[in-house]
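Asker: This is the structure I have questions about; it appears just below.
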Amino acid sequence: MKPSKVLDEICYPFIHETACLCDFEVVTDEWCTQLGMALSATPAELVDIAADLDHLQPLAFHVNGSIRGKLAVEEADVQWVLERMAHYRQELGPREHAFVLPRGTAPVPQLHQARSGAKKAIRAMVRVEQEGREVAAVLPRFCNAVCNLLFLMTLAVNLRRGVQEVAFVSKSYKVH
């Protein structure tokens with residue numbers, strides 16, 4: 001496929017690259033959109049969740065450019081995510097089960113989508129690194145932590161609304 005030379009017919013300067021780096025950038029672009037969708041679906045009474053999503057969304061775009069361009073995610077960003085995880089864990093208290101079916105009303109489905117988006121970004125980083133490009137260690141650490149934070153947010157929203165989580169017990173794997 002030969003790219004057009006008309007700028008209005010090119011959605012992204014690197015879209016025709018064959019390397020996985022472009023795929024990573026497309027995935028993280030989608031992830032940023034998913035975070036925005038979750039934020040847009042968050043009702044006003046979920047003040048902490050809205051504020052956290054507002055903080056996270058631009059960080060997804062910082063992840064996006066941090067391999068091809070200048071590293072824009074720092075250890076302080078990872079630490080902020082870990083602090084926010086502690087905030088939600090304190091609210092949730094001890095839990096009986098580690099896995100639940102992704103259910104609930106907005107913004108819960110959007111948070112689960114964004115959680116999946118973080119996983120896709122991590123997997124795309126693995127492929128980028130396999131192609132020989134350096135991926136700063138802070139990037140997968142950050143994305144993994146954000147994935148876990150988004151999951152905790154879903155639990156917190158459902159808890160606040162009195163929605164009973166449905167445990168998922170795998171027939172494939174034993175969880176200790």
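Chain labels run A, B, ... following the order of the structure tokens; each chain numbers its residues from 1, and ligands are numbered from 1 in the order shown.
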List every residue of chain A that DSSP, applied to the backbone, labels as helix (DSSP H, G or I), and write the result as a short mmCIF file (atom, residue, chain, number, x, y, z; two decimals) with C-alpha atoms, in the first residue's frame.
Answerer:
data_model
loop_
_atom_site.label_atom_id
_atom_site.label_comp_id
_atom_site.auth_asym_id
_atom_site.auth_seq_id
_atom_site.Cartn_x
_atom_site.Cartn_y
_atom_site.Cartn_z
CA LEU A 7 -1.87 15.52 4.30
CA ASP A 8 -5.65 15.39 4.71
CA GLU A 9 -5.48 11.73 3.66
CA CYS A 20 5.33 -2.68 16.07
CA LEU A 21 6.07 0.78 17.45
CA CYS A 22 3.26 2.27 15.38
CA ASP A 23 0.90 -0.44 16.69
CA PHE A 24 1.90 0.50 20.24
CA GLU A 25 1.13 4.14 19.51
CA VAL A 26 -2.27 3.28 18.02
CA VAL A 27 -3.09 1.11 21.05
CA THR A 28 -2.11 3.82 23.53
CA ASP A 29 -4.11 6.37 21.55
CA GLU A 30 -7.15 4.11 21.95
CA TRP A 31 -6.34 3.66 25.65
CA CYS A 32 -6.33 7.43 26.15
CA THR A 33 -9.76 7.55 24.49
CA GLN A 34 -11.03 4.78 26.77
CA LEU A 35 -9.88 6.73 29.82
CA GLY A 36 -11.72 9.77 28.46
CA MET A 37 -14.85 7.69 27.95
CA ALA A 38 -14.63 6.45 31.53
CA LEU A 39 -14.18 10.01 32.78
CA SER A 40 -17.13 11.23 30.70
CA VAL A 47 -15.33 12.87 42.85
CA ASP A 48 -12.16 10.91 43.62
CA ILE A 49 -12.57 8.60 40.64
CA ALA A 50 -13.21 11.50 38.28
CA ALA A 51 -10.17 13.36 39.60
CA ASP A 52 -7.99 10.27 39.22
CA LEU A 53 -9.16 9.65 35.66
CA ASP A 54 -8.60 13.31 34.84
CA HIS A 55 -5.02 12.89 36.07
CA LEU A 56 -4.50 9.56 34.27
CA GLN A 57 -5.78 10.43 30.82
CA PRO A 58 -2.93 12.73 29.75
CA LEU A 59 -0.46 10.23 31.20
CA ALA A 60 -1.69 7.68 28.64
CA PHE A 61 -0.66 10.09 25.88
CA HIS A 62 2.68 10.55 27.67
CA VAL A 63 3.14 6.77 27.53
CA ASN A 64 2.26 6.95 23.83
CA GLY A 65 5.18 9.19 22.92
CA GLU A 75 8.87 7.19 38.80
CA ALA A 76 6.72 9.83 40.51
CA ASP A 77 3.86 8.85 38.19
CA VAL A 78 4.16 5.20 39.24
CA GLN A 79 4.23 6.23 42.89
CA TRP A 80 1.10 8.37 42.41
CA VAL A 81 -0.73 5.35 40.95
CA LEU A 82 0.40 3.16 43.87
CA GLU A 83 -0.86 5.80 46.33
CA ARG A 84 -4.24 5.89 44.60
CA MET A 85 -4.39 2.09 44.73
CA ALA A 86 -3.84 2.29 48.51
CA HIS A 87 -6.71 4.80 48.72
CA TYR A 88 -9.16 2.39 47.08
CA ARG A 89 -7.82 -0.69 48.89
CA GLN A 90 -8.43 1.04 52.20
CA GLU A 91 -12.04 1.66 51.18
CA LEU A 92 -12.54 -1.88 49.88
CA VAL A 108 -17.67 0.49 35.44
CA PRO A 109 -17.74 -0.97 31.88
CA GLN A 110 -15.66 1.96 30.64
CA LEU A 111 -13.13 1.40 33.44
CA HIS A 112 -12.91 -2.28 32.50
CA GLN A 113 -12.34 -1.29 28.85
CA ALA A 114 -9.57 1.09 29.89
CA ARG A 115 -8.09 -1.68 32.06
CA SER A 116 -7.97 -3.90 28.97
CA GLY A 117 -6.44 -1.01 27.05
CA ALA A 118 -3.60 -0.85 29.57
CA LYS A 119 -2.97 -4.57 29.08
CA LYS A 120 -2.87 -4.12 25.31
CA ALA A 121 -0.34 -1.32 25.73
CA ILE A 122 1.88 -3.59 27.83
CA ARG A 123 1.66 -6.38 25.25
CA ALA A 124 2.49 -3.90 22.49
CA MET A 125 5.56 -2.79 24.47
CA VAL A 126 6.68 -6.42 24.65
CA ARG A 127 6.53 -6.65 20.85
CA VAL A 128 8.35 -3.32 20.44
CA GLU A 129 11.12 -4.54 22.72
CA GLN A 130 11.31 -7.86 20.85
CA VAL A 138 9.04 2.67 34.04
CA LEU A 139 6.57 2.33 31.15
CA PRO A 140 5.36 -1.27 31.70
CA ARG A 141 5.49 -0.73 35.47
CA PHE A 142 3.24 2.30 35.09
CA CYS A 143 0.80 0.54 32.75
CA ASN A 144 0.59 -2.54 34.97
CA ALA A 145 -0.10 -0.37 38.03
CA VAL A 146 -2.74 1.64 36.14
CA CYS A 147 -4.42 -1.60 35.05
CA ASN A 148 -4.66 -2.64 38.70
CA LEU A 149 -5.84 0.82 39.76
CA LEU A 150 -8.65 0.77 37.21
CA PHE A 151 -9.77 -2.62 38.51
CA LEU A 152 -9.86 -1.29 42.07
CA MET A 153 -11.89 1.68 40.84
CA THR A 154 -14.51 -0.69 39.39
CA LEU A 155 -14.77 -2.46 42.73
CA ALA A 156 -15.06 0.85 44.59
CA VAL A 157 -17.83 2.11 42.31
CA ASN A 158 -19.80 -1.11 42.69
CA LEU A 159 -19.28 -1.12 46.46
CA ARG A 160 -20.52 2.46 46.77
CA ARG A 161 -23.60 1.57 44.76
#
Asker: Counting only C-alpha atoms, figure out which residue out of A:Glu131, A:Phe99, A:Ala72, A:Thr18 gets nearest to Tyr173 of chain A.
Answerer: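 Checking each candidate against Tyr173 of chain A, we get A:Phe99 as the closest.
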Asker: Which value, in Å to one decimal, gives the distance between atom CA of Ile67 of chain A and atom CA of Val135 of chain A?
Answerer: 6.2 Å
Asker: What does the distance between atom CA of Ala167 of chain A and atom CA of Ala98 of chain A come to in Å, to one decimal place?
Answerer: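 Value for the atom CA of Ala167 of chain A-atom CA of Ala98 of chain A distance: 7.9 Å.
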Asker: Just to confirm, what's the straight-line distance from atom CA of Gly104 of chain A to atom CA of Lys174 of chain A in Å (one decimal)?
Answerer: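 These atoms are spaced 25.8 Å apart.
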